[in-house]
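Peer 1: Sharing query_36.txt (compact mmCIF, C-alpha atoms) below.
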# COMPACT_ATOMS: atom_id res chain seq x y z
CA MET A 1 -5.65 -28.21 -1.13
CA THR A 2 -9.00 -26.78 -0.09
CA SER A 3 -9.77 -23.17 -0.91
CA THR A 4 -12.64 -20.78 -0.26
CA THR A 5 -12.99 -17.12 -1.17
CA THR A 6 -15.36 -14.46 0.09
CA GLU A 7 -15.56 -10.86 -1.03
CA SER A 8 -12.74 -9.88 1.31
CA LEU A 9 -10.89 -13.04 2.43
CA ARG A 10 -9.23 -15.97 0.68
CA SER A 11 -8.71 -19.16 2.69
CA GLU A 12 -6.39 -21.94 1.52
CA LEU A 13 -5.56 -25.10 3.48
CA ALA A 14 -2.75 -27.40 2.40
CA ASP A 15 -0.29 -29.59 4.32
CA GLY A 16 -1.61 -28.40 7.68
CA ILE A 17 -1.11 -24.71 6.85
CA LEU A 18 -4.14 -22.43 6.63
CA ARG A 19 -3.34 -19.30 4.63
CA LEU A 20 -5.74 -16.41 5.19
CA THR A 21 -5.33 -13.52 2.78
CA ILE A 22 -7.19 -10.23 3.10
CA THR A 23 -8.36 -9.46 -0.44
CA ARG A 24 -9.16 -5.75 -0.53
CA PRO A 25 -6.12 -4.51 -2.46
CA ARG A 26 -7.92 -1.50 -3.93
CA ARG A 27 -8.37 -0.26 -0.35
CA MET A 28 -4.81 -1.33 0.61
CA ASN A 29 -6.55 -4.07 2.59
CA ALA A 30 -8.25 -1.62 4.93
CA ILE A 31 -10.93 -3.70 6.62
CA ASP A 32 -14.58 -3.07 7.29
CA LEU A 33 -16.76 -4.69 9.92
CA THR A 34 -17.62 -7.66 7.69
CA THR A 35 -13.98 -8.39 6.93
CA MET A 36 -13.02 -8.26 10.60
CA LYS A 37 -15.75 -10.74 11.48
CA THR A 38 -14.96 -13.03 8.54
CA LEU A 39 -11.28 -13.16 9.47
CA SER A 40 -12.05 -13.70 13.15
CA ASP A 41 -14.47 -16.54 12.35
CA ALA A 42 -11.91 -18.20 10.07
CA VAL A 43 -9.20 -18.12 12.74
CA LYS A 44 -11.60 -19.38 15.40
CA ALA A 45 -12.80 -22.26 13.21
CA ALA A 46 -9.19 -23.22 12.48
CA GLY A 47 -8.59 -23.78 16.17
CA ASP A 48 -11.24 -26.51 16.16
CA ASP A 49 -10.00 -28.13 12.94
CA GLU A 50 -7.48 -30.92 13.56
CA ARG A 51 -6.22 -30.55 10.00
CA VAL A 52 -4.90 -27.06 10.77
CA ARG A 53 -1.48 -26.96 12.41
CA THR A 54 -0.42 -23.40 11.55
CA ILE A 55 -2.15 -20.24 10.33
CA VAL A 56 -0.56 -17.63 8.06
CA VAL A 57 -2.22 -14.21 7.77
CA THR A 58 -1.24 -11.80 5.00
CA GLY A 59 -2.64 -9.25 2.56
CA GLU A 60 -3.15 -9.35 -1.18
CA GLY A 61 -1.13 -6.96 -3.31
CA SER A 62 1.20 -4.34 -1.87
CA ALA A 63 -0.28 -3.91 1.63
CA PHE A 64 -0.77 -6.10 4.70
CA CYS A 65 -3.67 -4.22 6.31
CA THR A 66 -4.01 -0.45 6.61
CA GLY A 67 -6.53 -0.49 9.42
CA ALA A 68 -10.23 0.31 9.53
CA ASP A 69 -11.81 1.41 6.26
CA LEU A 70 -12.93 4.97 7.06
CA ALA A 71 -14.62 5.40 3.69
CA ALA A 72 -16.75 2.31 4.29
CA GLY A 73 -17.54 3.56 7.77
CA ALA A 74 -18.62 6.94 6.44
CA ALA A 75 -20.85 5.34 3.79
CA ASP A 76 -22.41 2.84 6.19
CA PRO A 77 -22.05 4.05 9.81
CA GLN A 78 -21.86 1.33 12.45
CA ASP A 79 -22.35 1.42 16.20
CA PRO A 80 -18.89 2.25 17.65
CA GLY A 81 -19.30 -0.31 20.41
CA VAL A 82 -20.03 -3.05 17.88
CA VAL A 83 -17.00 -2.07 15.79
CA MET A 84 -14.74 -2.14 18.82
CA ASP A 85 -16.12 -5.47 20.03
CA THR A 86 -15.55 -7.00 16.58
CA ALA A 87 -11.98 -5.72 16.32
CA ASN A 88 -11.22 -6.84 19.86
CA GLU A 89 -12.59 -10.32 19.22
CA LEU A 90 -10.40 -10.64 16.12
CA VAL A 91 -7.22 -9.77 18.04
CA ARG A 92 -8.20 -11.92 21.03
CA THR A 93 -8.88 -14.88 18.72
CA ILE A 94 -5.50 -14.61 16.97
CA ALA A 95 -3.74 -14.48 20.32
CA SER A 96 -5.66 -17.40 21.82
CA VAL A 97 -6.15 -19.85 18.93
CA PRO A 98 -4.31 -23.07 19.91
CA VAL A 99 -1.98 -23.18 16.88
CA PRO A 100 0.87 -20.89 15.87
CA VAL A 101 -0.16 -17.83 13.85
CA ILE A 102 2.36 -16.27 11.48
CA ALA A 103 1.88 -12.75 10.14
CA ALA A 104 3.50 -12.18 6.74
CA VAL A 105 3.61 -8.39 6.65
CA ASN A 106 4.06 -7.88 2.93
CA GLY A 107 3.46 -4.12 3.00
CA PRO A 108 2.09 -1.33 5.18
CA ALA A 109 0.44 -2.28 8.48
CA ALA A 110 -1.52 0.57 10.03
CA GLY A 111 -4.09 0.97 12.78
CA VAL A 112 -5.71 -2.34 13.65
CA GLY A 113 -3.45 -3.87 11.00
CA VAL A 114 -0.58 -3.38 13.44
CA SER A 115 -2.57 -5.20 16.11
CA ILE A 116 -3.34 -8.09 13.77
CA ALA A 117 0.35 -8.41 12.93
CA LEU A 118 1.54 -8.23 16.54
CA ALA A 119 -1.14 -10.53 17.93
CA ALA A 120 0.43 -13.26 15.78
CA ASP A 121 3.05 -15.48 17.38
CA LEU A 122 5.64 -14.94 14.66
CA THR A 123 5.72 -11.69 12.69
CA TYR A 124 7.87 -11.35 9.59
CA ALA A 125 8.02 -8.19 7.50
CA ALA A 126 9.13 -7.32 3.99
CA GLU A 127 11.73 -4.56 3.75
CA SER A 128 9.19 -2.32 1.99
CA ALA A 129 6.69 -2.65 4.86
CA TYR A 130 6.12 -0.17 7.65
CA PHE A 131 4.08 0.02 10.84
CA LEU A 132 1.92 3.02 11.67
CA LEU A 133 -0.29 3.88 14.63
CA ALA A 134 -1.93 6.89 13.00
CA PHE A 135 -4.87 7.10 15.42
CA VAL A 136 -3.74 10.38 17.01
CA ASN A 137 -3.66 11.98 13.56
CA ILE A 138 -7.44 11.62 13.32
CA GLY A 139 -8.30 12.31 16.95
CA LEU A 140 -8.39 8.71 18.16
CA MET A 141 -6.35 6.44 20.44
CA PRO A 142 -4.72 3.08 19.64
CA ASP A 143 -7.10 0.14 19.76
CA GLY A 144 -7.15 -3.56 18.92
CA GLY A 145 -4.86 -4.15 21.88
CA ALA A 146 -2.10 -1.96 20.43
CA SER A 147 -1.65 -0.14 23.76
CA LEU A 148 -0.41 -3.49 25.14
CA LEU A 149 0.92 -5.35 22.09
CA VAL A 150 3.33 -2.61 21.02
CA PRO A 151 4.97 -1.85 24.39
CA ALA A 152 5.09 -5.60 25.13
CA ALA A 153 7.31 -5.90 22.05
CA ILE A 154 9.43 -2.74 22.13
CA GLY A 155 8.95 -1.07 25.51
CA ARG A 156 7.11 2.03 26.69
CA ALA A 157 9.44 4.68 25.23
CA ARG A 158 9.34 3.44 21.64
CA ALA A 159 5.62 2.67 21.93
CA ALA A 160 4.94 6.21 23.13
CA GLU A 161 6.68 7.62 20.06
CA MET A 162 4.56 5.47 17.79
CA ALA A 163 1.28 6.23 19.57
CA LEU A 164 1.69 9.90 20.50
CA LEU A 165 3.42 11.11 17.33
CA GLY A 166 1.63 8.92 14.81
CA GLU A 167 4.74 8.44 12.69
CA ARG A 168 5.52 5.35 10.66
CA VAL A 169 8.19 2.86 11.70
CA SER A 170 10.08 1.27 8.83
CA ALA A 171 10.46 -2.48 8.63
CA GLN A 172 14.17 -2.07 9.26
CA ASP A 173 13.52 -0.10 12.47
CA ALA A 174 10.79 -2.56 13.46
CA ASP A 175 13.40 -5.31 13.22
CA ARG A 176 15.94 -3.27 15.17
CA PHE A 177 13.40 -2.39 17.88
CA GLY A 178 12.16 -5.96 18.25
CA LEU A 179 8.68 -5.23 16.93
CA VAL A 180 8.97 -8.14 14.48
CA ALA A 181 10.83 -11.44 14.53
CA ARG A 182 12.69 -10.62 11.34
CA THR A 183 12.68 -8.34 8.30
CA LEU A 184 13.49 -9.84 4.92
CA PRO A 185 13.97 -8.63 1.34
CA ASP A 186 10.57 -8.46 -0.34
CA ALA A 187 11.42 -11.29 -2.73
CA GLU A 188 12.38 -13.59 0.17
CA LEU A 189 9.44 -13.02 2.53
CA ALA A 190 7.05 -15.62 1.10
CA ALA A 191 9.68 -18.38 0.97
CA HIS A 192 10.80 -17.67 4.54
CA VAL A 193 7.23 -17.70 5.85
CA ASP A 194 6.54 -20.93 3.96
CA ALA A 195 9.60 -22.57 5.52
CA VAL A 196 8.67 -21.47 9.05
CA ALA A 197 5.04 -22.50 8.54
CA SER A 198 6.09 -25.94 7.30
CA ARG A 199 8.28 -26.34 10.37
CA THR A 200 5.54 -25.43 12.86
CA ALA A 201 2.92 -27.41 10.94
CA SER A 202 5.02 -30.56 11.31
CA GLY A 203 5.81 -29.88 14.97
CA PRO A 204 4.12 -31.26 18.09
CA ARG A 205 0.71 -29.54 18.10
CA ARG A 206 0.03 -29.75 21.83
CA ALA A 207 3.54 -28.68 22.83
CA LEU A 208 3.30 -25.67 20.52
CA GLU A 209 -0.13 -24.81 21.94
CA LEU A 210 1.09 -24.89 25.55
CA THR A 211 4.24 -22.94 24.66
CA LYS A 212 2.17 -20.25 22.96
CA ARG A 213 -0.16 -20.10 25.95
CA ALA A 214 2.75 -19.74 28.38
CA LEU A 215 4.48 -17.01 26.37
CA ASN A 216 1.26 -15.03 26.03
CA ALA A 217 0.45 -15.40 29.73
CA SER A 218 3.85 -13.88 30.54
CA THR A 219 3.65 -10.99 28.06
CA LEU A 220 -0.02 -10.45 27.15
CA GLY A 221 -1.74 -11.45 30.37
CA GLU A 222 -3.51 -8.07 30.58
CA LEU A 223 -4.79 -8.14 26.98
CA ASP A 224 -8.47 -8.33 27.96
CA THR A 225 -8.02 -5.38 30.33
CA ALA A 226 -6.29 -3.37 27.61
CA LEU A 227 -9.01 -4.16 25.10
CA ALA A 228 -11.73 -3.05 27.51
CA ARG A 229 -9.87 0.16 28.35
CA GLU A 230 -9.32 0.94 24.67
CA LYS A 231 -12.99 0.30 23.89
CA ASP A 232 -14.14 2.78 26.55
CA GLY A 233 -11.75 5.46 25.31
CA GLN A 234 -12.30 4.86 21.62
CA VAL A 235 -16.10 4.87 21.84
CA GLU A 236 -15.86 8.28 23.51
CA LEU A 237 -13.43 9.60 20.89
CA LEU A 238 -15.40 8.23 17.94
CA GLY A 239 -18.21 10.59 18.94
CA SER A 240 -15.95 13.61 19.26
CA ALA A 241 -15.57 16.68 17.07
CA ASP A 242 -11.86 15.95 16.79
CA PHE A 243 -12.53 12.60 15.16
CA ALA A 244 -15.12 14.08 12.80
CA GLU A 245 -12.53 16.62 11.68
CA GLY A 246 -9.70 14.08 11.53
CA ALA A 247 -11.68 11.58 9.46
CA MET A 248 -12.88 14.26 7.06
CA ALA A 249 -9.36 15.60 6.70
CA MET A 250 -8.03 12.14 5.89
CA LEU A 251 -10.71 11.52 3.28
CA ASP A 252 -10.09 15.01 1.81
CA LYS A 253 -6.31 14.40 1.93
CA ARG A 254 -5.60 17.58 3.88
CA PRO A 255 -4.12 18.35 7.31
CA ALA A 256 -6.58 18.11 10.19
CA ARG A 257 -7.49 21.31 12.05
CA PHE A 258 -8.22 20.25 15.61
CA ALA A 259 -9.92 22.69 18.00
Represent the structure contained in this file as structure tokens.
Peer 2:
Amino acid sequence: MTSTTTESLRSELADGILRLTITRPRRMNAIDLTTMKTLSDAVKAAGDDERVRTIVVTGEGSAFCTGADLAAGAADPQDPGVVMDTANELVRTIASVPVPVIAAVNGPAAGVGVSIALAADLTYAAESAYFLLAFVNIGLMPDGGASLLVPAAIGRARAAEMALLGERVSAQDADRFGLVARTLPDAELAAHVDAVASRTASGPRRALELTKRALNASTLGELDTALAREKDGQVELLGSADFAEGAMAMLDKRPARFA
């Protein structure tokens, strides 16, 4: 096995399976700009590595990924366009890398964490997990391709509830809606993902690549358009008074008071 670890990502390759683990458990694996780029680069490099036959993405500790790290953004402000481009490239890379990507959603997935999970080819969730598009609660809109990835999985009506109301969807409901491939008891998630990853890693690499490409062309063919549309809207909203109030309210752990 080969293993590398950065400040925010652990990478382990064994038996054709590359396991990428977001390692920011104290922030519930909320990701900053550096983490997004590190994860994107790791997935992209895997696509050019003949040793890699399957990628598994998960989070360390009790969360999968709870979206963008607002505290880090407040402490070190970044250009909104750069942030959006980095998030978009991460999602685009997961969707286009020529090997199967499995998301092991071991806990909450929120914001861009939902997009990371749904951009994967196979998404499995622990029973304790949930999915949350909380953007509207802080004066923003869904990004990371969520405006396409979510309705592509569960339809417009369910997606509208998630996006416009900003309420969490339990893993059980995610399974029932078709948002994930399967929900499993927490203690069984890792073993199930390992079994599926071993199966795809030993499968015909080129056939799996072309199958993934065909499925995504049928369901996610407008992903680039969605990402561009989300970037335009989100850059506008990130400069708004509503977002300033929403972000401050979240950090202060109080209800937002929008104008």
Peer 1: Give me the residues near range 110-115 of chain A as a PyMOL selection string, where near means some atom within 7 Å (using only C-alpha atoms) and where sequence neighbours in that chain fewer than 6 positions away do not count.
Peer 2: chain A and resi 65-68+91+131-135+143-146+149
Peer 1: For Ala181 in chain A, which of A:Ala195, A:Ile102, A:Ala163, A:Ala228 is the closest residue, counting all atoms listed in the file?
Peer 2: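 Under the stated criterion, the closest residue is A:Ile102.
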Peer 1: Which residue out of A:Phe243, A:Phe258, A:Phe64, A:Tyr124 has the minimum interatomic distance to His192 in chain A when only C-alpha atoms are used?
Peer 2: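 Looking at the shortest contact to His192 in chain A, the residue is A:Tyr124.
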Peer 1: For CA of Val57 in chain A and CA of Thr21 in chain A, quote the distance in Å rounded to one decimal.
Peer 2: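 For CA of Val57 in chain A relative to CA of Thr21 in chain A, the distance reads 5.9 Å.
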Peer 1: Please check which residues have atoms at most 8 Å from (-10.6, 14.4, 16.8) in the file's coordinates, counting only C-alpha atoms, and write them as a list in words.
Peer 2: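 All residues meeting the 8 Å criterion around (-10.6, 14.4, 16.8) are Val136, Ile138, Gly139, Leu140, Leu237, Leu238, Ser240, Ala241, Asp242, Phe243, Ala244, Glu245, Gly246, Ala247 and Phe258 of chain A.
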Peer 1: Using all atoms listed in the file, which protein or nucleic acid residues come within 9 Å of Ile22 in chain A? Drop anything in the same chain fewer than 2 positions from it, and give the result as a VMD selection string.
Peer 2: chain A and resid 8 to 10 20 24 to 25 29 to 31 35 39 57 to 60 64 to 65
Peer 1: May I have the protein, DNA and RNA residues with an atom at most 10 Å from (0.9, -24.1, 0.2), counting all atoms listed in the file in the file's coordinates, returned as a ChimeraX atom specification?
Peer 2: /A:1,12-19,194,197-198
Peer 1: For Ala95 in chain A, which residue among A:Glu161, A:Glu209, A:Asp186, A:Asp48 is the nearest when counting only C-alpha atoms?
Peer 2: A:Glu209
Peer 1: Between A:Arg199, A:Lys253, A:Lys212, A:Arg158, which one has atoms that come closest to Leu179 in chain A, using only C-alpha atoms?
Peer 2: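 For Leu179 in chain A, the nearest of the candidates is A:Arg158.
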Peer 1: Which distance in Å separates CA of Asp49 in chain A and CA of Leu118 in chain A, to one decimal?
Peer 2: 23.3 Å
Peer 1: Near Val169 in chain A, within 8 Å and counting only C-alpha atoms, which residues show up once chain neighbours fewer than 2 positions away are dropped, as a list of chain:residue names?
Peer 2: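 Here the qualifying residues turn out to be A:Tyr130, A:Phe131, A:Leu132, A:Met162, A:Glu167, A:Ala171, A:Asp173, A:Ala174.
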Peer 1: Rank nothing, just name the residue among A:Ala187, A:Leu208, A:Leu220, A:Val150 nearest to Val101 in chain A, using only C-alpha atoms.
Peer 2: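 For Val101 in chain A, the nearest of the candidates is A:Leu208.
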Peer 1: Lys37 in chain A: which residues within 10 Å, counting all atoms listed in the file, same-chain residues fewer than 3 positions away excluded, as a VMD selection string?
Peer 2: chain A and resid 31 to 34 40 to 43 83 86 to 87 89 to 90
Peer 1: Counting all atoms listed in the file, which residue out of A:Gln78, A:Thr123, A:Ser11, A:Asn106 sits closest to Arg182 in chain A?
Peer 2: A:Thr123
Peer 1: Mind pulling up the distance from CA of Met250 in chain A to CA of Leu70 in chain A?
Peer 2: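 Going from CA of Leu70 in chain A over to CA of Met250 in chain A covers 8.8 Å.
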Peer 1: Please rebuild range 136-147 of chain A with all heavy atoms and give the result as a PDB file, keeping the file's coordinate frame.
Peer 2:
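Output (result33.pdb):
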ATOM      1  N   VAL A 136      -3.781   9.006  16.479  1.00  0.00           N
ATOM      2  CA  VAL A 136      -3.740  10.380  17.010  1.00  0.00           C
ATOM      3  C   VAL A 136      -3.919  11.406  15.902  1.00  0.00           C
ATOM      4  O   VAL A 136      -4.416  12.513  16.141  1.00  0.00           O
ATOM      5  CB  VAL A 136      -2.425  10.618  17.788  1.00  0.00           C
ATOM      6  CG1 VAL A 136      -1.224  10.685  16.834  1.00  0.00           C
ATOM      7  CG2 VAL A 136      -2.508  11.870  18.652  1.00  0.00           C
ATOM      8  N   ASN A 137      -3.554  11.053  14.679  1.00  0.00           N
ATOM      9  CA  ASN A 137      -3.660  11.980  13.560  1.00  0.00           C
ATOM     10  C   ASN A 137      -5.111  12.260  13.158  1.00  0.00           C
ATOM     11  O   ASN A 137      -5.386  13.231  12.443  1.00  0.00           O
ATOM     12  CB  ASN A 137      -2.887  11.445  12.346  1.00  0.00           C
ATOM     13  CG  ASN A 137      -1.405  11.290  12.622  1.00  0.00           C
ATOM     14  OD1 ASN A 137      -0.846  11.993  13.453  1.00  0.00           O
ATOM     15  ND2 ASN A 137      -0.770  10.362  11.929  1.00  0.00           N
ATOM     16  N   ILE A 138      -6.019  11.392  13.610  1.00  0.00           N
ATOM     17  CA  ILE A 138      -7.440  11.620  13.320  1.00  0.00           C
ATOM     18  C   ILE A 138      -8.258  11.723  14.611  1.00  0.00           C
ATOM     19  O   ILE A 138      -9.465  11.486  14.614  1.00  0.00           O
ATOM     20  CB  ILE A 138      -8.031  10.539  12.385  1.00  0.00           C
ATOM     21  CG1 ILE A 138      -7.811   9.129  12.964  1.00  0.00           C
ATOM     22  CG2 ILE A 138      -7.425  10.629  10.986  1.00  0.00           C
ATOM     23  CD1 ILE A 138      -8.552   8.034  12.194  1.00  0.00           C
ATOM     24  N   GLY A 139      -7.589  12.077  15.699  1.00  0.00           N
ATOM     25  CA  GLY A 139      -8.300  12.310  16.950  1.00  0.00           C
ATOM     26  C   GLY A 139      -8.734  11.083  17.697  1.00  0.00           C
ATOM     27  O   GLY A 139      -9.679  11.136  18.497  1.00  0.00           O
ATOM     28  N   LEU A 140      -8.043   9.954  17.475  1.00  0.00           N
ATOM     29  CA  LEU A 140      -8.390   8.710  18.160  1.00  0.00           C
ATOM     30  C   LEU A 140      -7.208   8.216  18.987  1.00  0.00           C
ATOM     31  O   LEU A 140      -6.143   8.829  19.014  1.00  0.00           O
ATOM     32  CB  LEU A 140      -8.793   7.640  17.136  1.00  0.00           C
ATOM     33  CG  LEU A 140     -10.056   7.911  16.323  1.00  0.00           C
ATOM     34  CD1 LEU A 140     -10.300   6.777  15.334  1.00  0.00           C
ATOM     35  CD2 LEU A 140     -11.277   8.096  17.228  1.00  0.00           C
ATOM     36  N   MET A 141      -7.393   7.086  19.669  1.00  0.00           N
ATOM     37  CA  MET A 141      -6.350   6.440  20.440  1.00  0.00           C
ATOM     38  C   MET A 141      -6.108   5.044  19.864  1.00  0.00           C
ATOM     39  O   MET A 141      -6.977   4.501  19.173  1.00  0.00           O
ATOM     40  CB  MET A 141      -6.749   6.329  21.911  1.00  0.00           C
ATOM     41  CG  MET A 141      -7.950   5.446  22.166  1.00  0.00           C
ATOM     42  SD  MET A 141      -8.358   5.263  23.938  1.00  0.00           S
ATOM     43  CE  MET A 141      -7.019   4.168  24.465  1.00  0.00           C
ATOM     44  N   PRO A 142      -4.951   4.441  20.134  1.00  0.00           N
ATOM     45  CA  PRO A 142      -4.720   3.080  19.640  1.00  0.00           C
ATOM     46  C   PRO A 142      -5.776   2.110  20.169  1.00  0.00           C
ATOM     47  O   PRO A 142      -6.239   2.231  21.298  1.00  0.00           O
ATOM     48  CB  PRO A 142      -3.329   2.735  20.199  1.00  0.00           C
ATOM     49  CG  PRO A 142      -2.670   4.059  20.391  1.00  0.00           C
ATOM     50  CD  PRO A 142      -3.771   4.989  20.816  1.00  0.00           C
ATOM     51  N   ASP A 143      -6.147   1.156  19.330  1.00  0.00           N
ATOM     52  CA  ASP A 143      -7.100   0.140  19.760  1.00  0.00           C
ATOM     53  C   ASP A 143      -6.647  -1.219  19.234  1.00  0.00           C
ATOM     54  O   ASP A 143      -5.521  -1.368  18.773  1.00  0.00           O
ATOM     55  CB  ASP A 143      -8.533   0.490  19.338  1.00  0.00           C
ATOM     56  CG  ASP A 143      -8.716   0.638  17.828  1.00  0.00           C
ATOM     57  OD1 ASP A 143      -7.924   0.047  17.064  1.00  0.00           O
ATOM     58  OD2 ASP A 143      -9.652   1.329  17.404  1.00  0.00           O
ATOM     59  N   GLY A 144      -7.522  -2.216  19.331  1.00  0.00           N
ATOM     60  CA  GLY A 144      -7.150  -3.560  18.920  1.00  0.00           C
ATOM     61  C   GLY A 144      -6.042  -4.160  19.777  1.00  0.00           C
ATOM     62  O   GLY A 144      -5.336  -5.072  19.347  1.00  0.00           O
ATOM     63  N   GLY A 145      -5.896  -3.639  20.996  1.00  0.00           N
ATOM     64  CA  GLY A 145      -4.860  -4.150  21.880  1.00  0.00           C
ATOM     65  C   GLY A 145      -3.497  -3.536  21.659  1.00  0.00           C
ATOM     66  O   GLY A 145      -2.521  -3.914  22.319  1.00  0.00           O
ATOM     67  N   ALA A 146      -3.404  -2.543  20.757  1.00  0.00           N
ATOM     68  CA  ALA A 146      -2.100  -1.960  20.430  1.00  0.00           C
ATOM     69  C   ALA A 146      -1.435  -1.304  21.636  1.00  0.00           C
ATOM     70  O   ALA A 146      -0.204  -1.258  21.720  1.00  0.00           O
ATOM     71  CB  ALA A 146      -2.249  -0.935  19.303  1.00  0.00           C
ATOM     72  N   SER A 147      -2.244  -0.792  22.583  1.00  0.00           N
ATOM     73  CA  SER A 147      -1.650  -0.140  23.760  1.00  0.00           C
ATOM     74  C   SER A 147      -0.908  -1.149  24.639  1.00  0.00           C
ATOM     75  O   SER A 147      -0.118  -0.751  25.496  1.00  0.00           O
ATOM     76  CB  SER A 147      -2.724   0.581  24.575  1.00  0.00           C
ATOM     77  OG  SER A 147      -3.653  -0.337  25.138  1.00  0.00           O
TER      78      SER A 147
END
